[in-house]
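So this block is run.pdb, PDB, C-alpha atoms, pLDDT in the B column:
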ATOM      1  CA  ALA A   1      60.736 107.059  93.685  1.00 41.00           C
ATOM      2  CA  ARG A   2      57.607 105.563  95.239  1.00 44.00           C
ATOM      3  CA  MET A   3      59.624 102.662  96.629  1.00 44.00           C
ATOM      4  CA  LEU A   4      61.901 105.175  98.338  1.00 45.00           C
ATOM      5  CA  GLU A   5      58.872 107.025  99.735  1.00 62.00           C
ATOM      6  CA  LYS A   6      57.453 103.761 101.103  1.00 65.00           C
ATOM      7  CA  LYS A   7      60.771 102.937 102.759  1.00 72.00           C
ATOM      8  CA  GLU A   8      60.842 106.400 104.338  1.00 84.00           C
ATOM      9  CA  ALA A   9      57.234 105.962 105.526  1.00 83.00           C
ATOM     10  CA  ALA A  10      58.045 102.542 107.044  1.00 85.00           C
ATOM     11  CA  ARG A  11      61.016 104.060 108.850  1.00 87.00           C
ATOM     12  CA  ALA A  12      58.847 106.920 110.137  1.00 88.00           C
ATOM     13  CA  ILE A  13      56.170 104.473 111.340  1.00 90.00           C
ATOM     14  CA  LEU A  14      58.777 102.575 113.359  1.00 91.00           C
ATOM     15  CA  GLU A  15      60.176 105.796 114.777  1.00 91.00           C
ATOM     16  CA  PHE A  16      56.810 107.212 115.863  1.00 92.00           C
ATOM     17  CA  ARG A  17      55.552 103.874 117.168  1.00 92.00           C
ATOM     18  CA  ASN A  18      58.541 103.932 119.502  1.00 92.00           C
ATOM     19  CA  ALA A  19      57.694 107.511 120.471  1.00 92.00           C
ATOM     20  CA  VAL A  20      54.069 106.550 121.204  1.00 93.00           C
ATOM     21  CA  GLN A  21      55.185 103.599 123.333  1.00 92.00           C
ATOM     22  CA  ALA A  22      57.569 105.842 125.267  1.00 93.00           C
ATOM     23  CA  THR A  23      55.039 108.679 125.724  1.00 92.00           C
ATOM     24  CA  PRO A  24      51.545 107.206 125.191  1.00 91.00           C
ATOM     25  CA  ARG A  25      49.781 110.433 126.193  1.00 93.00           C
ATOM     26  CA  ASN A  26      51.748 112.598 123.753  1.00 94.00           C
ATOM     27  CA  ALA A  27      49.136 113.765 121.235  1.00 92.00           C
ATOM     28  CA  GLN A  28      51.737 115.014 118.767  1.00 93.00           C
ATOM     29  CA  ALA A  29      53.464 111.619 118.652  1.00 93.00           C
ATOM     30  CA  HIS A  30      50.144 109.958 117.749  1.00 93.00           C
ATOM     31  CA  TYR A  31      49.550 112.635 115.112  1.00 93.00           C
ATOM     32  CA  GLN A  32      52.971 112.086 113.526  1.00 93.00           C
ATOM     33  CA  LEU A  33      52.325 108.336 113.553  1.00 93.00           C
ATOM     34  CA  GLY A  34      49.032 108.977 111.741  1.00 91.00           C
ATOM     35  CA  LEU A  35      50.853 111.026 109.090  1.00 91.00           C
ATOM     36  CA  ALA A  36      53.360 108.203 108.640  1.00 91.00           C
ATOM     37  CA  TYR A  37      50.538 105.665 108.201  1.00 90.00           C
ATOM     38  CA  LEU A  38      48.906 108.027 105.706  1.00 88.00           C
ATOM     39  CA  ALA A  39      52.153 108.287 103.714  1.00 88.00           C
ATOM     40  CA  ALA A  40      52.321 104.488 103.660  1.00 87.00           C
ATOM     41  CA  GLY A  41      48.754 104.265 102.334  1.00 87.00           C
ATOM     42  CA  ASP A  42      47.352 102.675 105.510  1.00 88.00           C
ATOM     43  CA  GLY A  43      44.131 104.651 105.937  1.00 86.00           C
ATOM     44  CA  PRO A  44      42.530 102.620 108.770  1.00 88.00           C
ATOM     45  CA  ARG A  45      45.593 102.896 111.024  1.00 91.00           C
ATOM     46  CA  ALA A  46      45.922 106.585 110.139  1.00 90.00           C
ATOM     47  CA  VAL A  47      42.292 107.142 111.200  1.00 89.00           C
ATOM     48  CA  SER A  48      42.949 105.300 114.458  1.00 92.00           C
ATOM     49  CA  SER A  49      46.021 107.423 115.199  1.00 93.00           C
ATOM     50  CA  PHE A  50      44.237 110.689 114.427  1.00 90.00           C
ATOM     51  CA  ARG A  51      41.307 109.664 116.638  1.00 90.00           C
ATOM     52  CA  ARG A  52      43.751 108.903 119.465  1.00 92.00           C
ATOM     53  CA  THR A  53      45.358 112.316 118.926  1.00 92.00           C
ATOM     54  CA  LEU A  54      41.961 113.966 119.366  1.00 88.00           C
ATOM     55  CA  ASP A  55      41.224 111.862 122.436  1.00 89.00           C
ATOM     56  CA  LEU A  56      44.316 113.421 123.992  1.00 92.00           C
ATOM     57  CA  ASN A  57      43.895 116.896 122.496  1.00 88.00           C
ATOM     58  CA  ALA A  58      40.410 117.597 121.143  1.00 80.00           C
ATOM     59  CA  ARG A  59      41.538 120.885 119.587  1.00 80.00           C
ATOM     60  CA  HIS A  60      44.446 119.490 117.570  1.00 87.00           C
ATOM     61  CA  SER A  61      43.622 121.177 114.235  1.00 80.00           C
ATOM     62  CA  GLY A  62      45.962 119.020 112.153  1.00 86.00           C
ATOM     63  CA  ALA A  63      44.379 115.784 113.376  1.00 86.00           C
ATOM     64  CA  GLN A  64      40.875 117.246 112.970  1.00 83.00           C
ATOM     65  CA  LEU A  65      41.573 118.129 109.346  1.00 85.00           C
ATOM     66  CA  LYS A  66      43.295 114.872 108.398  1.00 88.00           C
ATOM     67  CA  LEU A  67      40.616 112.760 110.070  1.00 86.00           C
ATOM     68  CA  ALA A  68      37.819 114.702 108.389  1.00 83.00           C
ATOM     69  CA  GLN A  69      39.529 114.416 104.995  1.00 83.00           C
ATOM     70  CA  LEU A  70      39.831 110.650 105.418  1.00 84.00           C
ATOM     71  CA  LEU A  71      36.237 110.300 106.566  1.00 81.00           C
ATOM     72  CA  ALA A  72      35.025 112.388 103.612  1.00 76.00           C
ATOM     73  CA  GLY A  73      36.430 109.720 101.294  1.00 76.00           C
ATOM     74  CA  VAL A  74      34.366 106.915 102.840  1.00 75.00           C
ATOM     75  CA  ASP A  75      31.190 105.925 100.989  1.00 77.00           C
ATOM     76  CA  ASP A  76      28.822 106.289 103.950  1.00 80.00           C
ATOM     77  CA  PRO A  77      26.432 109.241 104.526  1.00 85.00           C
ATOM     78  CA  ALA A  78      26.695 108.877 108.320  1.00 85.00           C
ATOM     79  CA  VAL A  79      30.478 109.150 108.096  1.00 83.00           C
ATOM     80  CA  TRP A  80      30.184 112.143 105.759  1.00 86.00           C
ATOM     81  CA  LYS A  81      27.971 113.838 108.345  1.00 88.00           C
ATOM     82  CA  ASP A  82      30.605 113.181 111.010  1.00 87.00           C
ATOM     83  CA  ALA A  83      33.271 114.661 108.723  1.00 86.00           C
ATOM     84  CA  GLN A  84      31.076 117.694 108.025  1.00 89.00           C
ATOM     85  CA  GLN A  85      30.586 118.376 111.742  1.00 89.00           C
ATOM     86  CA  ARG A  86      34.303 118.029 112.434  1.00 87.00           C
ATOM     87  CA  LEU A  87      35.203 120.389 109.613  1.00 89.00           C
ATOM     88  CA  GLU A  88      32.601 122.979 110.583  1.00 91.00           C
ATOM     89  CA  SER A  89      34.031 122.934 114.107  1.00 88.00           C
ATOM     90  CA  LEU A  90      37.541 123.313 112.740  1.00 88.00           C
ATOM     91  CA  ILE A  91      36.532 126.206 110.480  1.00 91.00           C
ATOM     92  CA  SER A  92      34.794 127.985 113.346  1.00 89.00           C
ATOM     93  CA  ASP A  93      38.232 128.133 114.999  1.00 85.00           C
ATOM     94  CA  ASN A  94      40.192 128.616 111.751  1.00 85.00           C
ATOM     95  CA  PRO A  95      37.905 130.412 109.274  1.00 90.00           C
ATOM     96  CA  ASN A  96      40.745 131.122 106.852  1.00 91.00           C
ATOM     97  CA  ASP A  97      41.988 127.542 106.426  1.00 90.00           C
ATOM     98  CA  PRO A  98      41.636 126.755 102.688  1.00 92.00           C
ATOM     99  CA  ASN A  99      42.351 123.048 103.218  1.00 89.00           C
ATOM    100  CA  ALA A 100      39.501 122.742 105.701  1.00 90.00           C
ATOM    101  CA  LEU A 101      37.164 124.707 103.417  1.00 92.00           C
ATOM    102  CA  HIS A 102      38.081 122.450 100.500  1.00 91.00           C
ATOM    103  CA  ALA A 103      37.480 119.297 102.541  1.00 89.00           C
ATOM    104  CA  LEU A 104      34.167 120.668 103.824  1.00 91.00           C
ATOM    105  CA  ALA A 105      33.070 121.452 100.267  1.00 92.00           C
ATOM    106  CA  LEU A 106      33.815 117.883  99.160  1.00 88.00           C
ATOM    107  CA  THR A 107      31.788 116.558 102.085  1.00 90.00           C
ATOM    108  CA  GLU A 108      28.899 118.921 101.306  1.00 90.00           C
ATOM    109  CA  MET A 109      28.870 117.734  97.694  1.00 88.00           C
ATOM    110  CA  HIS A 110      28.553 114.151  98.952  1.00 86.00           C
ATOM    111  CA  LEU A 111      25.615 115.243 101.103  1.00 87.00           C
ATOM    112  CA  GLY A 112      23.899 117.137  98.285  1.00 86.00           C
ATOM    113  CA  GLY A 113      24.737 120.663  99.423  1.00 83.00           C
ATOM    114  CA  ALA A 114      26.036 121.928  96.068  1.00 85.00           C
ATOM    115  CA  GLU A 115      25.431 125.636  96.745  1.00 89.00           C
ATOM    116  CA  LYS A 116      27.218 125.613 100.116  1.00 90.00           C
ATOM    117  CA  ALA A 117      30.024 123.568  98.609  1.00 92.00           C
ATOM    118  CA  MET A 118      30.472 126.115  95.823  1.00 93.00           C
ATOM    119  CA  ARG A 119      30.645 128.999  98.286  1.00 94.00           C
ATOM    120  CA  ASN A 120      33.256 127.219 100.365  1.00 94.00           C
ATOM    121  CA  LEU A 121      35.321 126.370  97.289  1.00 94.00           C
ATOM    122  CA  GLU A 122      35.182 129.971  96.110  1.00 95.00           C
ATOM    123  CA  ARG A 123      36.336 131.134  99.535  1.00 95.00           C
ATOM    124  CA  ALA A 124      39.103 128.519  99.565  1.00 95.00           C
ATOM    125  CA  MET A 125      40.318 129.726  96.183  1.00 95.00           C
ATOM    126  CA  SER A 126      40.303 133.348  97.311  1.00 95.00           C
ATOM    127  CA  LEU A 127      42.473 132.327 100.280  1.00 95.00           C
ATOM    128  CA  ALA A 128      44.762 130.049  98.253  1.00 93.00           C
ATOM    129  CA  PRO A 129      44.775 131.359  94.664  1.00 94.00           C
ATOM    130  CA  ARG A 130      47.751 129.156  93.729  1.00 93.00           C
ATOM    131  CA  ASP A 131      46.282 125.892  95.008  1.00 92.00           C
ATOM    132  CA  LEU A 132      45.631 123.848  91.867  1.00 93.00           C
ATOM    133  CA  VAL A 133      43.623 121.155  93.689  1.00 91.00           C
ATOM    134  CA  VAL A 134      41.148 123.758  94.944  1.00 92.00           C
ATOM    135  CA  ALA A 135      40.907 125.380  91.502  1.00 95.00           C
ATOM    136  CA  VAL A 136      40.302 122.042  89.758  1.00 94.00           C
ATOM    137  CA  THR A 137      37.660 121.020  92.312  1.00 92.00           C
ATOM    138  CA  LEU A 138      35.850 124.329  91.859  1.00 94.00           C
ATOM    139  CA  ALA A 139      36.041 124.031  88.066  1.00 95.00           C
ATOM    140  CA  GLN A 140      34.670 120.476  88.216  1.00 91.00           C
ATOM    141  CA  ALA A 141      31.831 121.639  90.459  1.00 91.00           C
ATOM    142  CA  ARG A 142      30.995 124.379  87.952  1.00 92.00           C
ATOM    143  CA  MET A 143      31.020 121.862  85.097  1.00 93.00           C
ATOM    144  CA  GLN A 144      28.707 119.543  87.018  1.00 87.00           C
ATOM    145  CA  GLY A 145      26.281 122.448  87.086  1.00 88.00           C
ATOM    146  CA  ASN A 146      26.791 122.938  83.307  1.00 92.00           C
ATOM    147  CA  ASP A 147      28.548 126.246  83.952  1.00 94.00           C
ATOM    148  CA  PHE A 148      31.415 125.669  81.523  1.00 95.00           C
ATOM    149  CA  LYS A 149      32.148 129.386  81.157  1.00 96.00           C
ATOM    150  CA  GLY A 150      32.488 129.631  84.913  1.00 95.00           C
ATOM    151  CA  ALA A 151      34.787 126.593  84.968  1.00 96.00           C
ATOM    152  CA  GLU A 152      36.970 128.173  82.288  1.00 96.00           C
ATOM    153  CA  GLU A 153      37.163 131.419  84.277  1.00 97.00           C
ATOM    154  CA  VAL A 154      38.287 129.520  87.389  1.00 96.00           C
ATOM    155  CA  LEU A 155      41.104 127.759  85.528  1.00 96.00           C
ATOM    156  CA  LYS A 156      42.179 130.917  83.698  1.00 97.00           C
ATOM    157  CA  LYS A 157      42.258 132.793  86.989  1.00 96.00           C
ATOM    158  CA  TYR A 158      44.450 130.081  88.527  1.00 96.00           C
ATOM    159  CA  CYS A 159      46.836 130.279  85.553  1.00 96.00           C
ATOM    160  CA  ALA A 160      47.005 134.070  85.911  1.00 96.00           C
ATOM    161  CA  ASN A 161      47.815 133.719  89.618  1.00 95.00           C
ATOM    162  CA  ALA A 162      50.387 130.976  88.989  1.00 94.00           C
ATOM    163  CA  PRO A 163      51.917 131.790  85.591  1.00 93.00           C
ATOM    164  CA  GLN A 164      54.855 129.440  86.157  1.00 93.00           C
ATOM    165  CA  SER A 165      52.613 126.429  86.797  1.00 93.00           C
ATOM    166  CA  ALA A 166      52.944 124.006  83.883  1.00 94.00           C
ATOM    167  CA  ASP A 167      50.332 121.805  85.555  1.00 95.00           C
ATOM    168  CA  GLY A 168      47.826 124.667  85.541  1.00 95.00           C
ATOM    169  CA  ALA A 169      48.318 125.219  81.810  1.00 96.00           C
ATOM    170  CA  ILE A 170      47.946 121.470  81.194  1.00 95.00           C
ATOM    171  CA  VAL A 171      44.665 121.340  83.118  1.00 96.00           C
ATOM    172  CA  LEU A 172      43.314 124.326  81.178  1.00 96.00           C
ATOM    173  CA  ALA A 173      44.438 122.680  77.922  1.00 96.00           C
ATOM    174  CA  GLN A 174      42.628 119.475  78.867  1.00 95.00           C
ATOM    175  CA  PHE A 175      39.505 121.516  79.623  1.00 96.00           C
ATOM    176  CA  TYR A 176      39.663 122.983  76.110  1.00 96.00           C
ATOM    177  CA  GLN A 177      40.156 119.479  74.682  1.00 93.00           C
ATOM    178  CA  LEU A 178      36.923 118.394  76.367  1.00 92.00           C
ATOM    179  CA  ARG A 179      35.224 121.341  74.691  1.00 93.00           C
ATOM    180  CA  ASN A 180      36.795 120.474  71.287  1.00 93.00           C
ATOM    181  CA  GLU A 181      38.560 123.846  71.239  1.00 95.00           C
ATOM    182  CA  ASP A 182      41.800 122.500  69.808  1.00 94.00           C
ATOM    183  CA  GLY A 183      43.403 125.859  69.040  1.00 95.00           C
ATOM    184  CA  LEU A 184      43.071 127.036  72.629  1.00 96.00           C
ATOM    185  CA  ALA A 185      44.181 123.622  73.909  1.00 95.00           C
ATOM    186  CA  GLU A 186      47.335 123.743  71.793  1.00 95.00           C
ATOM    187  CA  GLU A 187      48.102 127.243  73.008  1.00 96.00           C
ATOM    188  CA  GLN A 188      47.977 126.070  76.638  1.00 96.00           C
ATOM    189  CA  PHE A 189      50.051 122.952  75.961  1.00 95.00           C
ATOM    190  CA  GLN A 190      52.643 125.204  74.303  1.00 95.00           C
ATOM    191  CA  LYS A 191      52.687 127.421  77.400  1.00 96.00           C
ATOM    192  CA  ALA A 192      53.179 124.351  79.596  1.00 95.00           C
ATOM    193  CA  VAL A 193      56.087 123.176  77.454  1.00 94.00           C
ATOM    194  CA  GLN A 194      57.665 126.641  77.579  1.00 95.00           C
ATOM    195  CA  THR A 195      57.437 126.549  81.371  1.00 95.00           C
ATOM    196  CA  ASP A 196      58.612 122.946  81.678  1.00 93.00           C
ATOM    197  CA  PRO A 197      60.302 121.753  78.436  1.00 91.00           C
ATOM    198  CA  LYS A 198      60.542 118.175  79.773  1.00 89.00           C
ATOM    199  CA  SER A 199      56.934 117.816  80.905  1.00 90.00           C
ATOM    200  CA  VAL A 200      55.745 114.474  79.538  1.00 90.00           C
ATOM    201  CA  PRO A 201      51.985 115.267  79.920  1.00 91.00           C
ATOM    202  CA  ALA A 202      52.452 118.604  78.132  1.00 93.00           C
ATOM    203  CA  LEU A 203      54.479 117.097  75.280  1.00 92.00           C
ATOM    204  CA  ASN A 204      52.047 114.180  74.923  1.00 92.00           C
ATOM    205  CA  GLY A 205      49.080 116.532  74.827  1.00 92.00           C
ATOM    206  CA  LEU A 206      50.765 118.868  72.356  1.00 93.00           C
ATOM    207  CA  ALA A 207      51.718 116.025  69.987  1.00 92.00           C
ATOM    208  CA  ALA A 208      48.180 114.605  70.094  1.00 92.00           C
ATOM    209  CA  ILE A 209      46.691 118.007  69.201  1.00 93.00           C
ATOM    210  CA  GLN A 210      49.203 118.518  66.383  1.00 92.00           C
ATOM    211  CA  LEU A 211      48.333 115.117  64.910  1.00 91.00           C
ATOM    212  CA  LYS A 212      44.627 115.810  65.209  1.00 91.00           C
ATOM    213  CA  ARG A 213      45.085 119.093  63.370  1.00 90.00           C
ATOM    214  CA  GLY A 214      46.980 117.348  60.555  1.00 91.00           C
ATOM    215  CA  ARG A 215      50.433 118.743  61.345  1.00 92.00           C
ATOM    216  CA  LYS A 216      52.429 115.537  61.153  1.00 91.00           C
ATOM    217  CA  GLN A 217      55.869 117.193  60.994  1.00 92.00           C
ATOM    218  CA  ASP A 218      55.204 119.261  64.100  1.00 91.00           C
ATOM    219  CA  ALA A 219      53.950 116.172  65.917  1.00 90.00           C
ATOM    220  CA  GLU A 220      57.054 114.200  64.938  1.00 90.00           C
ATOM    221  CA  ALA A 221      59.260 116.972  66.295  1.00 90.00           C
ATOM    222  CA  THR A 222      57.279 116.971  69.531  1.00 89.00           C
ATOM    223  CA  PHE A 223      57.525 113.174  69.790  1.00 88.00           C
ATOM    224  CA  LYS A 224      61.289 113.544  69.314  1.00 87.00           C
ATOM    225  CA  ARG A 225      61.387 115.911  72.280  1.00 86.00           C
ATOM    226  CA  LEU A 226      59.274 113.417  74.189  1.00 80.00           C
ATOM    227  CA  SER A 227      61.719 110.584  73.505  1.00 79.00           C
ATOM    228  CA  ASP A 228      64.543 112.804  74.784  1.00 73.00           C
ATOM    229  CA  ALA A 229      62.687 113.574  78.005  1.00 63.00           C
ATOM    230  CA  PRO A 230      64.179 111.766  81.020  1.00 60.00           C
ATOM    231  CA  TYR A 231      62.358 108.647  82.219  1.00 51.00           C
ATOM    232  CA  THR A 232      60.844 109.041  85.665  1.00 49.00           C
ATOM    233  CA  PRO A 233      60.125 105.694  87.372  1.00 43.00           C
ATOM    234  CA  VAL A 234      56.592 105.303  88.737  1.00 38.00           C
TER
END

Whole structure, structure tokens version:
Amino acid sequence: ARMLEKKEAARAILEFRNAVQATPRNAQAHYQLGLAYLAAGDGPRAVSSFRRTLDLNARHSGAQLKLAQLLAGVDDPAVWKDAQQRLESLISDNPNDPNALHALALTEMHLGGAEKAMRNLERAMSLAPRDLVVAVTLAQARMQGNDFKGAEEVLKKYCANAPQSADGAIVLAQFYQLRNEDGLAEEQFQKAVQTDPKSVPALNGLAAIQLKRGRKQDAEATFKRLSDAPYTPV
């Protein structure tokens, strides 16, 4: 699957390179080229393309967000500050963009602004209640502040908003595992398996809990289901 994605990204890079050569002042062509580089895992070239997009159209919100997200992942306080300024500018124009709020919160956490980061994550979650990445980031931020009850509430709220999300149930189960609350963890793994009967992470987690709780027969049955689950190439 990943090989196919890389082939598609390489094809897209070639296509948008040609578009950029044909129309070098087309901001959207540079932006699409940046997305193609990003899909191929080429961060430096993606940054260069997004910067060129903004040279041509300083208010291109997509390029602003992608560039800021990339810069936020660089281990350099000066770069984080640049990302923060870009994101604050973007949010001033798009105050209800949960992706921008999430990226800004990550940058603020790098810069030591935990309280501001938390507020932005809470706002992002209110705007995108079914965004698991935002929910997990907020829960992790709460745990870093030793607010485990608050972290649990965030994950439970996400699961209530997205009841068909097996991934949400798995994340909540893993939270309970960290807290050594095996009964609650098993309950969430069971919910995940009910939602997605072929979920390898859910079946693995469920079998591990069953073994830990001394229920060997149940674990064997779960492992049997796991062996019947289709193999997905990495």

Do a neighbour search on A:Ala19 at 9 Å with all atoms listed in the file, toss out local chain neighbours closer than 6 positions, and write the hits as a ChimeraX atom specification. /A:26,29-30,33

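Using all atoms listed in the file, the nearest neighbour of A:Gln32 within the list A:Gln164, A:Thr107, A:Ser49, A:Asn204 is A:Ser49.
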
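Atom CA of A:Leu104 to atom CA of A:Leu87 spans 5.9 Å [interatomic distance, one decimal].
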
May I have the protein, DNA and RNA residues with an atom at most 10 Å from (38.0, 110.2, 107.1), counting only C-alpha atoms in the file's coordinates, returned as a VMD selection string? chain A and resid 43 to 44 46 to 47 50 64 to 74 79 to 80 82 to 83

Hey, can you check how far atom CA of A:Gln84 sits from atom CA of A:Glu153? 28.1 Å

Evaluate the PyMOL selection byres ((chain A and resi 151) around 12) and record the selected residues as a PyMOL selection string, following the chain and residue labels used in the document. chain A and resi 118+122+135-150+152-158+171-172+175-176+179

Run through the PyMOL selection byres ((chain A and resi 111) around 10) on the given coordinates and return the selected residues as a PDB file with C-alpha atoms, in the coordinates of the input.
ATOM      1  CA  ASP A  76      28.822 106.289 103.950  1.00 80.00           C
ATOM      2  CA  PRO A  77      26.432 109.241 104.526  1.00 85.00           C
ATOM      3  CA  ALA A  78      26.695 108.877 108.320  1.00 85.00           C
ATOM      4  CA  TRP A  80      30.184 112.143 105.759  1.00 86.00           C
ATOM      5  CA  LYS A  81      27.971 113.838 108.345  1.00 88.00           C
ATOM      6  CA  GLN A  84      31.076 117.694 108.025  1.00 89.00           C
ATOM      7  CA  ALA A 105      33.070 121.452 100.267  1.00 92.00           C
ATOM      8  CA  LEU A 106      33.815 117.883  99.160  1.00 88.00           C
ATOM      9  CA  THR A 107      31.788 116.558 102.085  1.00 90.00           C
ATOM     10  CA  GLU A 108      28.899 118.921 101.306  1.00 90.00           C
ATOM     11  CA  MET A 109      28.870 117.734  97.694  1.00 88.00           C
ATOM     12  CA  HIS A 110      28.553 114.151  98.952  1.00 86.00           C
ATOM     13  CA  GLY A 112      23.899 117.137  98.285  1.00 86.00           C
ATOM     14  CA  GLY A 113      24.737 120.663  99.423  1.00 83.00           C
ATOM     15  CA  ALA A 114      26.036 121.928  96.068  1.00 85.00           C
ATOM     16  CA  ALA A 117      30.024 123.568  98.609  1.00 92.00           C
TER      17      ALA A 117
END

I want to know what sits within 9 Å of A:Arg130, based on all atoms listed in the file, with residues of the same chain fewer than 4 positions away left out; could you give that as an MDAnalysis selection string? chainID A and resid 125 134:135 158:159 161:162 165

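Distances here use only C-alpha atoms; by that measure, the residue among A:Asp93, A:Thr53, A:Leu101, A:Asp182 closest to A:Gly214 is A:Asp182.
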
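Across the model, the gap from atom CA of A:Arg25 to atom CA of A:Ser48 is 14.5 Å.
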
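Residue selection for this entry, given the PyMOL selection byres ((chain A and resi 14) around 12), comprises Lys7, Glu8, Ala9, Ala10, Arg11, Ala12, Ile13, Glu15, Phe16, Arg17, Asn18, Ala19, Val20, Gln21, Ala29, Gln32, Leu33, Gly34, Ala36, Tyr37 and Ala40 of chain A.
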
Residues near A:Glu220, cut-off 12 Å, only C-alpha atoms, skip fewer than 3 positions along chain, as a list of chain:residue names: A:Leu203, A:Asn204, A:Leu206, A:Ala207, A:Ala208, A:Ile209, A:Gln210, A:Leu211, A:Gly214, A:Arg215, A:Lys216, A:Gln217, A:Phe223, A:Lys224, A:Arg225, A:Leu226, A:Ser227
